[in-house]
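S.K.: Below is the file my_file28.cif, with mmCIF, C-alpha atoms.
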data_entry
loop_
_atom_site.label_atom_id
_atom_site.label_comp_id
_atom_site.auth_asym_id
_atom_site.auth_seq_id
_atom_site.Cartn_x
_atom_site.Cartn_y
_atom_site.Cartn_z
CA MET A 203 104.82 80.34 -39.08
CA THR A 204 105.10 76.57 -39.04
CA LEU A 205 101.82 74.92 -39.89
CA PRO A 206 100.78 71.78 -38.03
CA GLU A 207 101.24 68.63 -40.05
CA VAL A 208 98.48 67.55 -42.39
CA ARG A 209 96.22 64.90 -40.88
CA SER A 210 94.94 61.92 -42.81
CA GLY A 211 91.24 61.63 -43.53
CA ALA A 212 90.93 58.95 -40.85
CA GLU A 213 92.60 61.20 -38.28
CA ARG A 214 90.30 64.08 -39.20
CA ARG A 215 87.26 61.87 -38.85
CA ALA A 216 88.43 60.64 -35.45
CA ASN A 217 89.21 64.19 -34.29
CA THR A 218 85.83 65.40 -35.59
CA LEU A 219 83.89 62.68 -33.78
CA ALA A 220 85.84 63.34 -30.59
CA LYS A 221 85.03 67.04 -30.82
CA LEU A 222 81.34 66.35 -31.47
CA GLN A 223 81.17 64.11 -28.41
CA THR A 224 82.92 66.50 -26.06
CA ARG A 225 80.88 67.36 -22.99
CA ALA A 226 79.62 70.96 -22.84
CA MET A 227 80.69 71.59 -26.42
CA ASP A 228 79.12 74.53 -28.19
CA VAL A 229 78.38 74.96 -31.85
CA TRP A 230 77.92 78.05 -34.01
CA VAL A 231 74.56 77.80 -35.74
CA ALA A 232 74.08 79.87 -38.89
CA SER A 233 70.57 80.19 -40.25
CA ALA A 234 68.89 82.52 -42.69
CA SER A 235 65.57 84.12 -43.50
CA VAL A 236 64.05 86.10 -46.31
CA ASP A 237 62.73 89.50 -45.33
CA GLU A 238 59.62 91.16 -46.74
CA GLY A 239 61.61 92.81 -49.48
CA GLY A 240 62.90 89.42 -50.64
CA SER A 241 66.43 89.90 -49.28
CA ALA A 242 68.32 87.22 -47.40
CA GLN A 243 69.38 87.82 -43.82
CA ALA A 244 71.97 85.76 -42.03
CA TYR A 245 71.75 84.92 -38.36
CA LEU A 246 74.37 83.30 -36.11
CA VAL A 247 74.36 82.19 -32.48
CA PRO A 248 76.34 79.81 -30.28
CA LEU A 249 74.34 76.92 -28.81
CA SER A 250 75.04 73.81 -26.75
CA LEU A 251 75.16 70.64 -28.82
CA ALA A 252 74.88 66.91 -28.39
CA TRP A 253 75.94 64.25 -30.90
CA PHE A 254 74.42 60.81 -30.94
CA ASP A 255 73.31 58.27 -33.54
CA GLU A 256 75.26 60.39 -36.07
CA ARG A 257 72.97 63.33 -35.49
CA VAL A 258 73.55 66.81 -34.10
CA VAL A 259 70.95 67.73 -31.49
CA ILE A 260 70.39 71.29 -30.35
CA ALA A 261 67.74 72.73 -28.02
CA LEU A 262 66.52 76.28 -28.20
CA GLU A 263 63.56 78.47 -27.43
CA ARG A 264 60.77 77.69 -29.82
CA GLY A 265 60.13 81.31 -30.69
CA SER A 266 63.80 82.23 -31.16
CA ARG A 267 64.93 83.56 -34.47
CA THR A 268 67.19 80.55 -35.05
CA ALA A 269 64.37 78.07 -34.35
CA ARG A 270 62.02 79.92 -36.69
CA ASN A 271 64.66 80.13 -39.41
CA ILE A 272 65.51 76.43 -39.18
CA ALA A 273 61.83 75.46 -39.15
CA GLU A 274 61.41 77.40 -42.37
CA GLN A 275 64.67 76.45 -44.10
CA ARG A 276 64.73 72.86 -42.85
CA ALA A 277 68.51 73.25 -42.80
CA ALA A 278 71.38 74.97 -41.02
CA ARG A 279 75.11 75.38 -41.32
CA LEU A 280 77.04 74.57 -38.17
CA ALA A 281 80.62 75.23 -37.13
CA LEU A 282 82.74 74.05 -34.25
CA GLY A 283 85.82 76.09 -33.45
CA PRO A 284 88.40 77.24 -32.83
CA THR A 285 88.80 78.87 -36.22
CA ARG A 286 92.10 77.10 -36.86
CA ASP A 287 90.75 73.67 -36.06
CA VAL A 288 87.29 73.85 -37.54
CA VAL A 289 84.52 71.39 -38.24
CA ILE A 290 81.81 72.69 -40.57
CA ILE A 291 78.56 70.78 -40.98
CA ASP A 292 75.79 71.37 -43.48
CA ALA A 293 72.79 69.65 -41.99
CA VAL A 294 69.12 69.14 -42.67
CA VAL A 295 66.28 68.91 -40.19
CA GLU A 296 65.28 65.36 -39.36
CA GLN A 297 62.96 66.15 -36.46
CA MET A 298 61.79 69.10 -34.44
CA ILE A 299 60.35 67.92 -31.13
CA ASN A 300 58.72 70.17 -28.60
CA LEU A 301 60.00 69.76 -25.07
CA GLU A 302 56.80 68.22 -23.76
CA ASP A 303 56.79 65.61 -26.52
CA ALA A 304 60.45 64.67 -26.30
CA PRO A 305 61.22 61.05 -25.40
CA ASP A 306 63.12 60.71 -22.13
CA ALA A 307 65.98 59.02 -23.98
CA LEU A 308 66.50 62.01 -26.22
CA ALA A 309 66.14 64.58 -23.48
CA GLY A 310 68.37 62.60 -21.15
CA ARG A 311 71.15 62.10 -23.65
CA TYR A 312 71.01 65.74 -24.65
CA ALA A 313 71.22 66.92 -21.04
CA GLU A 314 74.08 64.57 -20.27
CA GLN A 315 76.29 65.76 -23.08
CA ALA A 316 75.27 69.39 -23.22
CA ASP A 317 75.66 69.72 -19.45
CA TRP A 318 72.46 71.77 -19.51
CA ASP A 319 68.88 70.52 -19.33
CA PRO A 320 66.13 72.43 -21.13
CA ARG A 321 63.57 70.47 -19.06
CA THR A 322 64.54 72.51 -16.02
CA ALA A 323 65.20 75.79 -17.82
CA GLY A 324 61.66 77.11 -17.55
CA ALA A 325 60.95 78.15 -21.12
CA ASP A 326 59.29 76.80 -24.18
CA TYR A 327 62.08 74.79 -25.81
CA VAL A 328 62.29 72.66 -28.93
CA TYR A 329 64.82 69.95 -29.70
CA ILE A 330 66.08 70.00 -33.27
CA VAL A 331 67.65 66.82 -34.61
CA LEU A 332 69.89 67.60 -37.57
CA ARG A 333 71.22 65.05 -40.02
CA PRO A 334 74.65 65.97 -41.46
CA GLU A 335 74.80 66.06 -45.22
CA ARG A 336 78.32 67.38 -45.55
CA ILE A 337 81.13 67.59 -42.98
CA GLN A 338 84.39 69.42 -43.54
CA ALA A 339 87.36 69.69 -41.18
CA TRP A 340 90.60 71.62 -41.46
CA ARG A 341 93.13 73.40 -39.31
CA GLU A 342 95.24 75.63 -41.56
CA ALA A 343 95.57 76.33 -45.28
CA ASN A 344 97.63 73.18 -45.77
CA GLU A 345 94.58 71.11 -44.82
CA LEU A 346 92.13 72.70 -47.25
CA ALA A 347 92.75 69.84 -49.66
CA GLY A 348 90.97 66.80 -48.32
CA ARG A 349 88.74 68.82 -46.03
CA THR A 350 85.49 67.11 -47.04
CA LEU A 351 84.93 64.10 -44.80
CA MET A 352 81.25 63.48 -45.57
CA ARG A 353 79.28 64.22 -48.70
CA ALA A 354 75.57 63.56 -49.37
CA GLY A 355 75.35 61.99 -45.91
CA SER A 356 78.11 59.42 -46.48
CA TRP A 357 81.54 59.38 -44.88
CA LEU A 358 84.28 59.55 -47.50
CA VAL A 359 87.06 58.57 -45.09
CA MET B 102 79.71 75.18 -12.38
CA THR B 103 80.87 78.54 -11.15
CA LEU B 104 80.27 81.23 -13.70
CA PRO B 105 82.88 83.94 -14.18
CA GLU B 106 81.88 87.24 -12.63
CA VAL B 107 79.75 89.62 -14.63
CA ARG B 108 81.79 92.33 -16.34
CA SER B 109 80.70 95.95 -16.49
CA GLY B 110 79.83 97.47 -19.84
CA ALA B 111 83.14 99.34 -19.86
CA GLU B 112 85.04 96.11 -19.24
CA ARG B 113 83.16 94.37 -22.02
CA ARG B 114 83.91 97.19 -24.42
CA ALA B 115 87.61 97.13 -23.50
CA ASN B 116 87.74 93.31 -23.85
CA THR B 117 85.91 93.52 -27.17
CA LEU B 118 88.28 96.12 -28.60
CA ALA B 119 91.28 94.13 -27.41
CA LYS B 120 89.93 91.02 -29.09
CA LEU B 121 89.23 92.88 -32.32
CA GLN B 122 92.78 94.21 -32.38
CA THR B 123 94.48 90.90 -31.67
CA ARG B 124 97.01 89.91 -34.31
CA ALA B 125 96.02 86.92 -36.47
CA MET B 126 92.49 86.94 -35.05
CA ASP B 127 89.83 85.12 -37.02
CA VAL B 128 86.15 85.89 -37.30
CA TRP B 129 83.17 83.72 -38.20
CA VAL B 130 81.34 85.38 -41.08
CA ALA B 131 77.70 84.41 -41.60
CA SER B 132 76.05 85.46 -44.82
CA ALA B 133 72.93 84.42 -46.66
CA SER B 134 71.45 84.11 -50.11
CA VAL B 135 68.07 83.45 -51.64
CA ASP B 136 67.93 80.42 -53.93
CA GLU B 137 65.90 80.17 -57.12
CA GLY B 138 62.95 78.77 -55.22
CA GLY B 139 62.91 81.82 -52.94
CA SER B 140 64.33 80.00 -49.90
CA ALA B 141 67.03 81.45 -47.68
CA GLN B 142 70.35 79.67 -47.38
CA ALA B 143 72.86 80.37 -44.65
CA TYR B 144 76.58 80.27 -45.19
CA LEU B 145 79.39 80.45 -42.63
CA VAL B 146 83.17 80.53 -42.90
CA PRO B 147 86.11 81.59 -40.72
CA LEU B 148 88.20 84.47 -42.11
CA SER B 149 91.12 86.61 -40.96
CA LEU B 150 90.07 90.01 -39.72
CA ALA B 151 91.54 93.43 -39.08
CA TRP B 152 90.00 96.22 -37.04
CA PHE B 153 90.85 99.86 -37.59
CA ASP B 154 89.00 103.18 -37.61
CA GLU B 155 86.10 101.32 -35.90
CA ARG B 156 85.64 99.11 -38.94
CA VAL B 157 86.01 95.37 -39.47
CA VAL B 158 88.04 94.62 -42.60
CA ILE B 159 88.07 91.19 -44.21
CA ALA B 160 89.68 90.04 -47.46
CA LEU B 161 88.39 87.15 -49.52
CA GLU B 162 88.27 85.79 -53.03
CA ARG B 163 86.01 87.93 -55.11
CA GLY B 164 84.10 85.00 -56.53
CA SER B 165 83.64 83.22 -53.20
CA ARG B 166 80.18 82.51 -51.95
CA THR B 167 80.66 84.77 -48.94
CA ALA B 168 81.83 87.70 -51.10
CA ARG B 169 78.89 87.27 -53.43
CA ASN B 170 76.44 87.01 -50.56
CA ILE B 171 77.78 90.12 -48.85
CA ALA B 172 77.81 92.08 -52.13
CA GLU B 173 74.15 91.23 -52.52
CA GLN B 174 73.00 91.60 -48.91
CA ARG B 175 75.24 94.59 -48.12
CA ALA B 176 75.47 93.13 -44.62
CA ALA B 177 76.88 90.25 -42.59
CA ARG B 178 76.76 88.87 -39.09
CA LEU B 179 80.14 88.26 -37.51
CA ALA B 180 81.21 86.34 -34.42
CA LEU B 181 84.46 86.08 -32.54
CA GLY B 182 84.86 83.11 -30.28
CA PRO B 183 85.32 81.14 -28.20
CA THR B 184 81.64 80.39 -27.70
CA ARG B 185 81.80 81.22 -23.98
CA ASP B 186 83.43 84.59 -24.53
CA VAL B 187 81.72 85.80 -27.65
CA VAL B 188 81.53 89.04 -29.55
CA ILE B 189 78.75 89.23 -32.12
CA ILE B 190 78.67 92.03 -34.65
CA ASP B 191 75.91 92.94 -37.08
CA ALA B 192 77.60 95.00 -39.73
CA VAL B 193 76.81 96.70 -43.01
CA VAL B 194 79.04 97.11 -46.03
CA GLU B 195 80.77 100.46 -46.19
CA GLN B 196 83.15 99.65 -49.06
CA MET B 197 84.16 96.73 -51.23
CA ILE B 198 87.54 97.41 -52.82
CA ASN B 199 89.19 95.14 -55.34
CA LEU B 200 92.78 94.24 -54.53
CA GLU B 201 94.23 96.24 -57.40
CA ASP B 202 92.34 99.36 -56.33
CA ALA B 203 93.10 99.14 -52.63
CA PRO B 204 95.06 102.03 -51.10
CA ASP B 205 98.43 100.95 -49.70
CA ALA B 206 97.39 102.17 -46.26
CA LEU B 207 94.40 99.83 -46.18
CA ALA B 208 96.25 96.84 -47.59
CA GLY B 209 99.22 97.43 -45.32
CA ARG B 210 97.18 97.73 -42.15
CA TYR B 211 95.17 94.68 -43.06
CA ALA B 212 98.29 92.59 -43.71
CA GLU B 213 99.90 93.74 -40.51
CA GLN B 214 97.04 92.73 -38.27
CA ALA B 215 95.79 89.70 -40.15
CA ASP B 216 99.32 88.31 -40.43
CA TRP B 217 98.44 87.39 -44.00
CA ASP B 218 98.70 89.52 -47.15
CA PRO B 219 96.20 89.01 -49.97
CA ARG B 220 98.56 91.02 -52.23
CA THR B 221 100.95 88.09 -52.29
CA ALA B 222 98.33 85.33 -52.23
CA GLY B 223 97.95 85.07 -55.99
CA ALA B 224 94.20 85.22 -56.38
CA ASP B 225 91.54 87.74 -57.15
CA TYR B 226 90.77 89.19 -53.74
CA VAL B 227 88.44 91.90 -52.52
CA TYR B 228 88.65 93.87 -49.27
CA ILE B 229 85.33 94.39 -47.55
CA VAL B 230 85.08 97.21 -45.03
CA LEU B 231 82.18 96.59 -42.64
CA ARG B 232 80.69 99.19 -40.34
CA PRO B 233 79.31 97.73 -37.10
CA GLU B 234 75.70 98.56 -36.40
CA ARG B 235 75.27 96.38 -33.33
CA ILE B 236 77.88 94.75 -31.09
CA GLN B 237 77.05 92.25 -28.38
CA ALA B 238 79.44 90.55 -25.97
CA TRP B 239 78.88 87.90 -23.33
CA ARG B 240 80.60 84.98 -21.70
CA GLU B 241 77.98 82.89 -19.91
CA ALA B 242 74.25 83.10 -19.19
CA ASN B 243 74.84 85.55 -16.34
CA GLU B 244 76.11 88.09 -18.88
CA LEU B 245 73.14 87.95 -21.24
CA ALA B 246 71.72 91.03 -19.55
CA GLY B 247 73.74 93.99 -20.70
CA ARG B 248 75.19 92.19 -23.69
CA THR B 249 74.46 94.96 -26.18
CA LEU B 250 77.42 97.34 -26.30
CA MET B 251 76.58 99.16 -29.52
CA ARG B 252 73.24 99.87 -31.13
CA ALA B 253 72.53 101.72 -34.40
CA GLY B 254 76.26 102.31 -34.71
CA SER B 255 76.66 104.06 -31.34
CA TRP B 256 78.45 102.69 -28.30
CA LEU B 257 76.11 102.41 -25.33
CA VAL B 258 78.91 101.90 -22.80
#
Reformat the file's structure so that it appears as structure tokens.

M.R.:
Amino acid sequence: MTLPEVRSGAERRANTLAKLQTRAMDVWVASASVDEGGSAQAYLVPLSLAWFDERVVIALERGSRTARNIAEQRAARLALGPTRDVVIIDAVVEQMINLEDAPDALAGRYAEQADWDPRTAGADYVYIVLRPERIQAWREANELAGRTLMRAGSWLV
Amino acid sequence: MTLPEVRSGAERRANTLAKLQTRAMDVWVASASVDEGGSAQAYLVPLSLAWFDERVVIALERGSRTARNIAEQRAARLALGPTRDVVIIDAVVEQMINLEDAPDALAGRYAEQADWDPRTAGADYVYIVLRPERIQAWREANELAGRTLMRAGSWLV
């Protein structure tokens, strides 16, 4: 198999930002909880995403397992596929805003990019604004070196 | 947007098995740990997968965070993309077999499907054999009903 050529850091950052701004883009959201016995349990769902002001915004049912996990952890690990052109984001919660309290600007920008509007979806949604702490991007094994594009909230490239 | 038509359970099962048997298929593996403060932390990586004898087999470095998490949790949550044609599998550990102890049949079948052979990769790998407990498959919102194809290890469709 011929691997695609290795991108520079600047190219990876540009590709990553383009992916994050794609309309109707979905993101895998991994979250975790601790059960009564003290064991960790992983959870994973695909959700629609928006990206603005360098933040990932997701919207989900307030009582969903992912929303409860993120409210507790104050963090999540996100991935955009496909698996051979990945972006992985470790992010922390900046804000959780119930639908009825969401500013029009936030709700409008989310709906525009996500191509889906929780305001018309008829359930009890919450917007979660996540601040990236670390962003990694790679395609194949030859891009594992140099995969970290952001660390401690600062772009390295 | 026109949604694709809703598949029957039998179609979803056939599509799911075809996806699981695709050569060089990757899977998102979500795992979790409990940190010293008692908080849950989610982790998520893409890995090569093989599917045989109704088991998901992955191979990864023994000291990797995912391997350590799964050894501790004895479970993982897996997803195959893309996000609008997903298969989600909640699985439990059936076996963890160090590379040097792996039967040739297991290692050979893994290498054949994954299109990658840990035996020649020069690190300390472990095969993890995961038994699906629950399998869900859906494309768009109109397929959320009927998305559970397996429950408690038994196919429902």

S.K.: Enumerate, in order of chain and increasing residue number, the residues of chain B with an atom no farther than 8 Å from chain A, each with its shortest atom pair and distance in Å to one decimal, counting all atoms listed in the file, as CSV.

M.R.:
residue,atom,partner,partner_atom,distance
B:Asp127,CA,A:Thr285,CA,6.4
B:Val128,CA,A:Thr285,CA,7.6
B:Trp129,CA,A:Thr285,CA,7.7
B:Ala131,CA,A:Ala244,CA,5.9
B:Ser132,CA,A:Ala244,CA,5.0
B:Ala133,CA,A:Ala244,CA,4.9
B:Ser134,CA,A:Ala242,CA,5.2
B:Val135,CA,A:Ala242,CA,5.7
B:Gly139,CA,A:Gly240,CA,7.9
B:Ser140,CA,A:Gln275,CA,6.8
B:Ala141,CA,A:Ser235,CA,5.2
B:Gln142,CA,A:Ala234,CA,5.7
B:Ala143,CA,A:Ala234,CA,4.9
B:Tyr144,CA,A:Arg279,CA,6.4
B:Leu145,CA,A:Ala232,CA,6.5
B:Pro147,CA,A:Thr285,CA,5.9
B:Gln174,CA,A:Ala242,CA,6.6
B:Ala177,CA,A:Ala244,CA,6.7
B:Arg178,CA,A:Tyr245,CA,6.4
B:Leu179,CA,A:Leu246,CA,7.7
B:Ala180,CA,A:Leu246,CA,7.7
B:Gly182,CA,A:Pro284,CA,7.3
B:Pro183,CA,A:Pro284,CA,6.8
B:Thr184,CA,A:Pro248,CA,5.9

S.K.: So what does the PyMOL selection byres ((chain A and resi 298-302) around 9) actually pick up in this one, as an mmCIF file with C-alpha atoms, in the coordinates of the input?

M.R.:
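As written to disk, out_39.cif reads:
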data_model
loop_
_atom_site.group_PDB
_atom_site.id
_atom_site.type_symbol
_atom_site.label_atom_id
_atom_site.label_comp_id
_atom_site.auth_asym_id
_atom_site.auth_seq_id
_atom_site.Cartn_x
_atom_site.Cartn_y
_atom_site.Cartn_z
ATOM 1 C CA ALA A 261 67.740 72.730 -28.020
ATOM 2 C CA ARG A 264 60.770 77.690 -29.820
ATOM 3 C CA ALA A 273 61.830 75.460 -39.150
ATOM 4 C CA VAL A 295 66.280 68.910 -40.190
ATOM 5 C CA GLU A 296 65.280 65.360 -39.360
ATOM 6 C CA GLN A 297 62.960 66.150 -36.460
ATOM 7 C CA ASP A 303 56.790 65.610 -26.520
ATOM 8 C CA ALA A 304 60.450 64.670 -26.300
ATOM 9 C CA PRO A 305 61.220 61.050 -25.400
ATOM 10 C CA ALA A 309 66.140 64.580 -23.480
ATOM 11 C CA PRO A 320 66.130 72.430 -21.130
ATOM 12 C CA ARG A 321 63.570 70.470 -19.060
ATOM 13 C CA ASP A 326 59.290 76.800 -24.180
ATOM 14 C CA TYR A 327 62.080 74.790 -25.810
ATOM 15 C CA VAL A 328 62.290 72.660 -28.930
ATOM 16 C CA TYR A 329 64.820 69.950 -29.700
ATOM 17 C CA ILE A 330 66.080 70.000 -33.270
ATOM 18 C CA VAL A 331 67.650 66.820 -34.610
ATOM 19 C CA LEU A 332 69.890 67.600 -37.570
#

S.K.: Could I have chain A as a compact mmCIF listing (two decimals) with C-alpha atoms, in the frame of the given file after it is superimposed on chain B by least squares, pairing all C-alpha atoms in sequence order?

M.R.:
# COMPACT_ATOMS: atom_id res chain seq x y z
CA MET A 203 79.69 75.15 -12.34
CA THR A 204 80.83 78.53 -11.12
CA LEU A 205 80.25 81.22 -13.70
CA PRO A 206 82.86 83.94 -14.17
CA GLU A 207 81.87 87.23 -12.61
CA VAL A 208 79.74 89.62 -14.61
CA ARG A 209 81.78 92.33 -16.32
CA SER A 210 80.70 95.95 -16.49
CA GLY A 211 79.82 97.47 -19.83
CA ALA A 212 83.13 99.34 -19.85
CA GLU A 213 85.06 96.12 -19.22
CA ARG A 214 83.18 94.37 -22.02
CA ARG A 215 83.92 97.19 -24.41
CA ALA A 216 87.61 97.12 -23.49
CA ASN A 217 87.75 93.32 -23.83
CA THR A 218 85.91 93.51 -27.17
CA LEU A 219 88.28 96.12 -28.60
CA ALA A 220 91.28 94.13 -27.39
CA LYS A 221 89.93 91.01 -29.08
CA LEU A 222 89.24 92.88 -32.33
CA GLN A 223 92.79 94.21 -32.38
CA THR A 224 94.47 90.90 -31.68
CA ARG A 225 97.00 89.91 -34.31
CA ALA A 226 96.02 86.91 -36.46
CA MET A 227 92.50 86.94 -35.06
CA ASP A 228 89.84 85.13 -37.04
CA VAL A 229 86.17 85.89 -37.30
CA TRP A 230 83.18 83.72 -38.21
CA VAL A 231 81.35 85.37 -41.09
CA ALA A 232 77.71 84.40 -41.60
CA SER A 233 76.06 85.47 -44.82
CA ALA A 234 72.93 84.43 -46.65
CA SER A 235 71.45 84.12 -50.11
CA VAL A 236 68.08 83.45 -51.64
CA ASP A 237 67.94 80.44 -53.92
CA GLU A 238 65.88 80.17 -57.10
CA GLY A 239 62.94 78.77 -55.21
CA GLY A 240 62.91 81.83 -52.93
CA SER A 241 64.33 80.02 -49.89
CA ALA A 242 67.04 81.46 -47.68
CA GLN A 243 70.36 79.69 -47.37
CA ALA A 244 72.86 80.38 -44.64
CA TYR A 245 76.59 80.28 -45.19
CA LEU A 246 79.40 80.44 -42.62
CA VAL A 247 83.18 80.54 -42.90
CA PRO A 248 86.12 81.60 -40.73
CA LEU A 249 88.20 84.47 -42.12
CA SER A 250 91.12 86.61 -40.97
CA LEU A 251 90.07 90.03 -39.73
CA ALA A 252 91.53 93.44 -39.11
CA TRP A 253 89.98 96.23 -37.03
CA PHE A 254 90.82 99.85 -37.59
CA ASP A 255 88.99 103.18 -37.61
CA GLU A 256 86.11 101.31 -35.90
CA ARG A 257 85.64 99.11 -38.93
CA VAL A 258 86.01 95.38 -39.48
CA VAL A 259 88.04 94.61 -42.60
CA ILE A 260 88.06 91.19 -44.22
CA ALA A 261 89.67 90.03 -47.47
CA LEU A 262 88.39 87.16 -49.52
CA GLU A 263 88.27 85.79 -53.02
CA ARG A 264 86.01 87.93 -55.12
CA GLY A 265 84.08 85.00 -56.53
CA SER A 266 83.64 83.21 -53.19
CA ARG A 267 80.18 82.51 -51.95
CA THR A 268 80.67 84.78 -48.93
CA ALA A 269 81.84 87.70 -51.09
CA ARG A 270 78.90 87.27 -53.45
CA ASN A 271 76.44 87.01 -50.57
CA ILE A 272 77.79 90.12 -48.85
CA ALA A 273 77.82 92.07 -52.12
CA GLU A 274 74.16 91.23 -52.53
CA GLN A 275 73.02 91.61 -48.91
CA ARG A 276 75.26 94.58 -48.12
CA ALA A 277 75.47 93.12 -44.62
CA ALA A 278 76.89 90.25 -42.59
CA ARG A 279 76.76 88.87 -39.09
CA LEU A 280 80.15 88.25 -37.52
CA ALA A 281 81.22 86.34 -34.43
CA LEU A 282 84.47 86.08 -32.54
CA GLY A 283 84.87 83.11 -30.25
CA PRO A 284 85.32 81.14 -28.17
CA THR A 285 81.65 80.39 -27.69
CA ARG A 286 81.79 81.24 -23.99
CA ASP A 287 83.44 84.59 -24.52
CA VAL A 288 81.72 85.80 -27.65
CA VAL A 289 81.56 89.05 -29.55
CA ILE A 290 78.75 89.22 -32.12
CA ILE A 291 78.67 92.03 -34.67
CA ASP A 292 75.91 92.93 -37.09
CA ALA A 293 77.60 95.00 -39.74
CA VAL A 294 76.83 96.70 -43.00
CA VAL A 295 79.05 97.10 -46.03
CA GLU A 296 80.79 100.45 -46.20
CA GLN A 297 83.16 99.65 -49.06
CA MET A 298 84.15 96.74 -51.24
CA ILE A 299 87.54 97.40 -52.82
CA ASN A 300 89.19 95.15 -55.34
CA LEU A 301 92.77 94.25 -54.54
CA GLU A 302 94.22 96.26 -57.40
CA ASP A 303 92.34 99.38 -56.32
CA ALA A 304 93.10 99.13 -52.62
CA PRO A 305 95.06 102.02 -51.10
CA ASP A 306 98.42 100.95 -49.69
CA ALA A 307 97.35 102.15 -46.25
CA LEU A 308 94.39 99.82 -46.18
CA ALA A 309 96.24 96.85 -47.60
CA GLY A 310 99.20 97.44 -45.32
CA ARG A 311 97.17 97.74 -42.15
CA TYR A 312 95.15 94.68 -43.07
CA ALA A 313 98.27 92.60 -43.72
CA GLU A 314 99.90 93.75 -40.50
CA GLN A 315 97.04 92.73 -38.27
CA ALA A 316 95.78 89.71 -40.16
CA ASP A 317 99.31 88.33 -40.44
CA TRP A 318 98.43 87.38 -44.01
CA ASP A 319 98.69 89.52 -47.14
CA PRO A 320 96.22 89.01 -49.98
CA ARG A 321 98.57 91.03 -52.23
CA THR A 322 100.95 88.09 -52.29
CA ALA A 323 98.34 85.33 -52.23
CA GLY A 324 97.95 85.07 -55.99
CA ALA A 325 94.19 85.22 -56.39
CA ASP A 326 91.54 87.73 -57.16
CA TYR A 327 90.77 89.20 -53.74
CA VAL A 328 88.42 91.90 -52.52
CA TYR A 329 88.65 93.87 -49.29
CA ILE A 330 85.33 94.38 -47.56
CA VAL A 331 85.08 97.20 -45.04
CA LEU A 332 82.20 96.59 -42.65
CA ARG A 333 80.69 99.19 -40.35
CA PRO A 334 79.31 97.72 -37.10
CA GLU A 335 75.71 98.56 -36.41
CA ARG A 336 75.27 96.41 -33.33
CA ILE A 337 77.87 94.74 -31.10
CA GLN A 338 77.06 92.26 -28.37
CA ALA A 339 79.45 90.55 -25.96
CA TRP A 340 78.87 87.90 -23.32
CA ARG A 341 80.60 84.98 -21.69
CA GLU A 342 77.96 82.89 -19.90
CA ALA A 343 74.24 83.10 -19.20
CA ASN A 344 74.83 85.54 -16.35
CA GLU A 345 76.11 88.09 -18.88
CA LEU A 346 73.15 87.95 -21.26
CA ALA A 347 71.72 91.03 -19.56
CA GLY A 348 73.74 94.00 -20.69
CA ARG A 349 75.18 92.19 -23.68
CA THR A 350 74.46 94.97 -26.19
CA LEU A 351 77.43 97.33 -26.30
CA MET A 352 76.60 99.16 -29.53
CA ARG A 353 73.25 99.85 -31.13
CA ALA A 354 72.52 101.70 -34.40
CA GLY A 355 76.26 102.33 -34.73
CA SER A 356 76.66 104.05 -31.35
CA TRP A 357 78.46 102.69 -28.31
CA LEU A 358 76.11 102.41 -25.34
CA VAL A 359 78.90 101.89 -22.80

S.K.: With the PyMOL selection byres ((chain B and resi 117-121) around 12) as the selection, what would be picked from this file? Answer as a PyMOL selection string, please.

M.R.: chain B and resi 108+110-116+122-128+149-158+179-183+186-190+214-215+236-240+248-251+256+258

S.K.: Could you write those residues out with C-alpha atoms, as a compact mmCIF listing (two decimals), keeping the file's coordinate frame?

M.R.:
# COMPACT_ATOMS: atom_id res chain seq x y z
CA ARG B 108 81.79 92.33 -16.34
CA GLY B 110 79.83 97.47 -19.84
CA ALA B 111 83.14 99.34 -19.86
CA GLU B 112 85.04 96.11 -19.24
CA ARG B 113 83.16 94.37 -22.02
CA ARG B 114 83.91 97.19 -24.42
CA ALA B 115 87.61 97.13 -23.50
CA ASN B 116 87.74 93.31 -23.85
CA GLN B 122 92.78 94.21 -32.38
CA THR B 123 94.48 90.90 -31.67
CA ARG B 124 97.01 89.91 -34.31
CA ALA B 125 96.02 86.92 -36.47
CA MET B 126 92.49 86.94 -35.05
CA ASP B 127 89.83 85.12 -37.02
CA VAL B 128 86.15 85.89 -37.30
CA SER B 149 91.12 86.61 -40.96
CA LEU B 150 90.07 90.01 -39.72
CA ALA B 151 91.54 93.43 -39.08
CA TRP B 152 90.00 96.22 -37.04
CA PHE B 153 90.85 99.86 -37.59
CA ASP B 154 89.00 103.18 -37.61
CA GLU B 155 86.10 101.32 -35.90
CA ARG B 156 85.64 99.11 -38.94
CA VAL B 157 86.01 95.37 -39.47
CA VAL B 158 88.04 94.62 -42.60
CA LEU B 179 80.14 88.26 -37.51
CA ALA B 180 81.21 86.34 -34.42
CA LEU B 181 84.46 86.08 -32.54
CA GLY B 182 84.86 83.11 -30.28
CA PRO B 183 85.32 81.14 -28.20
CA ASP B 186 83.43 84.59 -24.53
CA VAL B 187 81.72 85.80 -27.65
CA VAL B 188 81.53 89.04 -29.55
CA ILE B 189 78.75 89.23 -32.12
CA ILE B 190 78.67 92.03 -34.65
CA GLN B 214 97.04 92.73 -38.27
CA ALA B 215 95.79 89.70 -40.15
CA ILE B 236 77.88 94.75 -31.09
CA GLN B 237 77.05 92.25 -28.38
CA ALA B 238 79.44 90.55 -25.97
CA TRP B 239 78.88 87.90 -23.33
CA ARG B 240 80.60 84.98 -21.70
CA ARG B 248 75.19 92.19 -23.69
CA THR B 249 74.46 94.96 -26.18
CA LEU B 250 77.42 97.34 -26.30
CA MET B 251 76.58 99.16 -29.52
CA TRP B 256 78.45 102.69 -28.30
CA VAL B 258 78.91 101.90 -22.80

S.K.: What separation in Å, quoted to one decimal, exists between CA of Trp217 (chain B) and CA of Glu342 (chain A)?

M.R.: 12.4 Å

S.K.: Name the closest residue to Gly348 (chain A) among the candidates A:Ser210, A:Leu205, A:Gly324, A:Glu335; distances are taken between atoms, counting all atoms listed in the file.

M.R.: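 The closest residue to Gly348 (chain A) is A:Ser210.
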